[in-house]
Amino acid sequence: MIRLEVTGDRVTFTSSRRAPAEPPRCAVEDYAAAVRAFVATGTAWLAGNHPAITANPALHELRALVSDPAGGGTGDPGLRTV
């Protein structure tokens, strides 16, 4: 399991297995941008390879989240410990 913890403007990643002495970290903005890019790429791939999925409301919601960072894409609440 990988846990994410937001402290200030940084995200720290810890693992329940063989965690390094110094856990990896990055800026919240960098993490949010990487997640948005991942979701945008994934939804584009799905729509391109499985066109029927474009009718799925969940796909529309995911696209809306990544296209409007103020609407949840940078989502500090979504970056709490998972």
# chains A, B, ... in the order shown; residues from 1 in each chain; ligands from 1
$ select_by_dssp --residues "chain A" --states "strand (DSSP E)" --output "VMD selection string"
chain A and resid 2 to 7 10 to 15 25 to 27
$ write_last_selection --atoms "C-alpha atoms" --output "compact mmCIF listing (two decimals), in the first residue's frame"
# COMPACT_ATOMS: atom_id res chain seq x y z
CA ILE A 2 1.23 3.47 -0.82
CA ARG A 3 0.12 6.35 1.37
CA LEU A 4 0.07 9.98 0.34
CA GLU A 5 0.32 12.67 2.96
CA VAL A 6 0.05 16.39 2.27
CA THR A 7 2.14 18.59 4.50
CA ARG A 10 4.44 18.92 -0.41
CA VAL A 11 3.13 15.39 -0.93
CA THR A 12 5.05 12.60 0.80
CA PHE A 13 4.75 9.00 -0.43
CA THR A 14 5.25 6.17 2.03
CA SER A 15 4.96 2.44 1.48
CA ARG A 25 8.22 13.87 -2.01
CA CYS A 26 7.05 16.37 -4.56
CA ALA A 27 5.14 19.62 -4.73
$ residues_around --residues "stretch 54-62 of chain A" --least-positions-apart "5" --cutoff "9 Å" --atoms "only C-alpha atoms" --output "ChimeraX atom specification"
/A:39-40,43,46-47,67
$ write_last_selection --atoms "N, CA and C atoms" --output "compact mmCIF listing (two decimals), in the first residue's frame"
# COMPACT_ATOMS: atom_id res chain seq x y z
N VAL A 39 -4.78 10.86 -16.05
CA VAL A 39 -6.21 10.64 -16.30
C VAL A 39 -6.57 11.06 -17.73
N ALA A 40 -6.05 12.19 -18.18
CA ALA A 40 -6.36 12.65 -19.54
C ALA A 40 -5.84 11.65 -20.58
N THR A 43 -8.06 8.35 -20.29
CA THR A 43 -9.40 8.47 -20.85
C THR A 43 -9.35 8.58 -22.37
N LEU A 46 -8.72 5.03 -23.63
CA LEU A 46 -9.95 4.24 -23.53
C LEU A 46 -10.94 4.61 -24.63
N ALA A 47 -11.16 5.90 -24.83
CA ALA A 47 -12.12 6.33 -25.85
C ALA A 47 -11.65 5.94 -27.25
N SER A 67 -10.10 18.62 -16.96
CA SER A 67 -10.13 19.81 -17.82
C SER A 67 -10.37 21.08 -17.02
$ select_by_dssp --residues "chain A" --states "alpha helix (DSSP H)" --output "PyMOL selection string"
chain A and resi 28-49+57-67
$ atom_distance --atom1 "atom CA of A:Ala44" --atom2 "atom CA of A:Arg63"
9.1 Å
$ atom_distance --atom1 "atom CA of A:Ala64" --atom2 "atom CA of A:Val35"
13.5 Å
$ atom_distance --atom1 "atom CA of A:Ala33" --atom2 "atom CA of A:Leu65"
11.7 Å
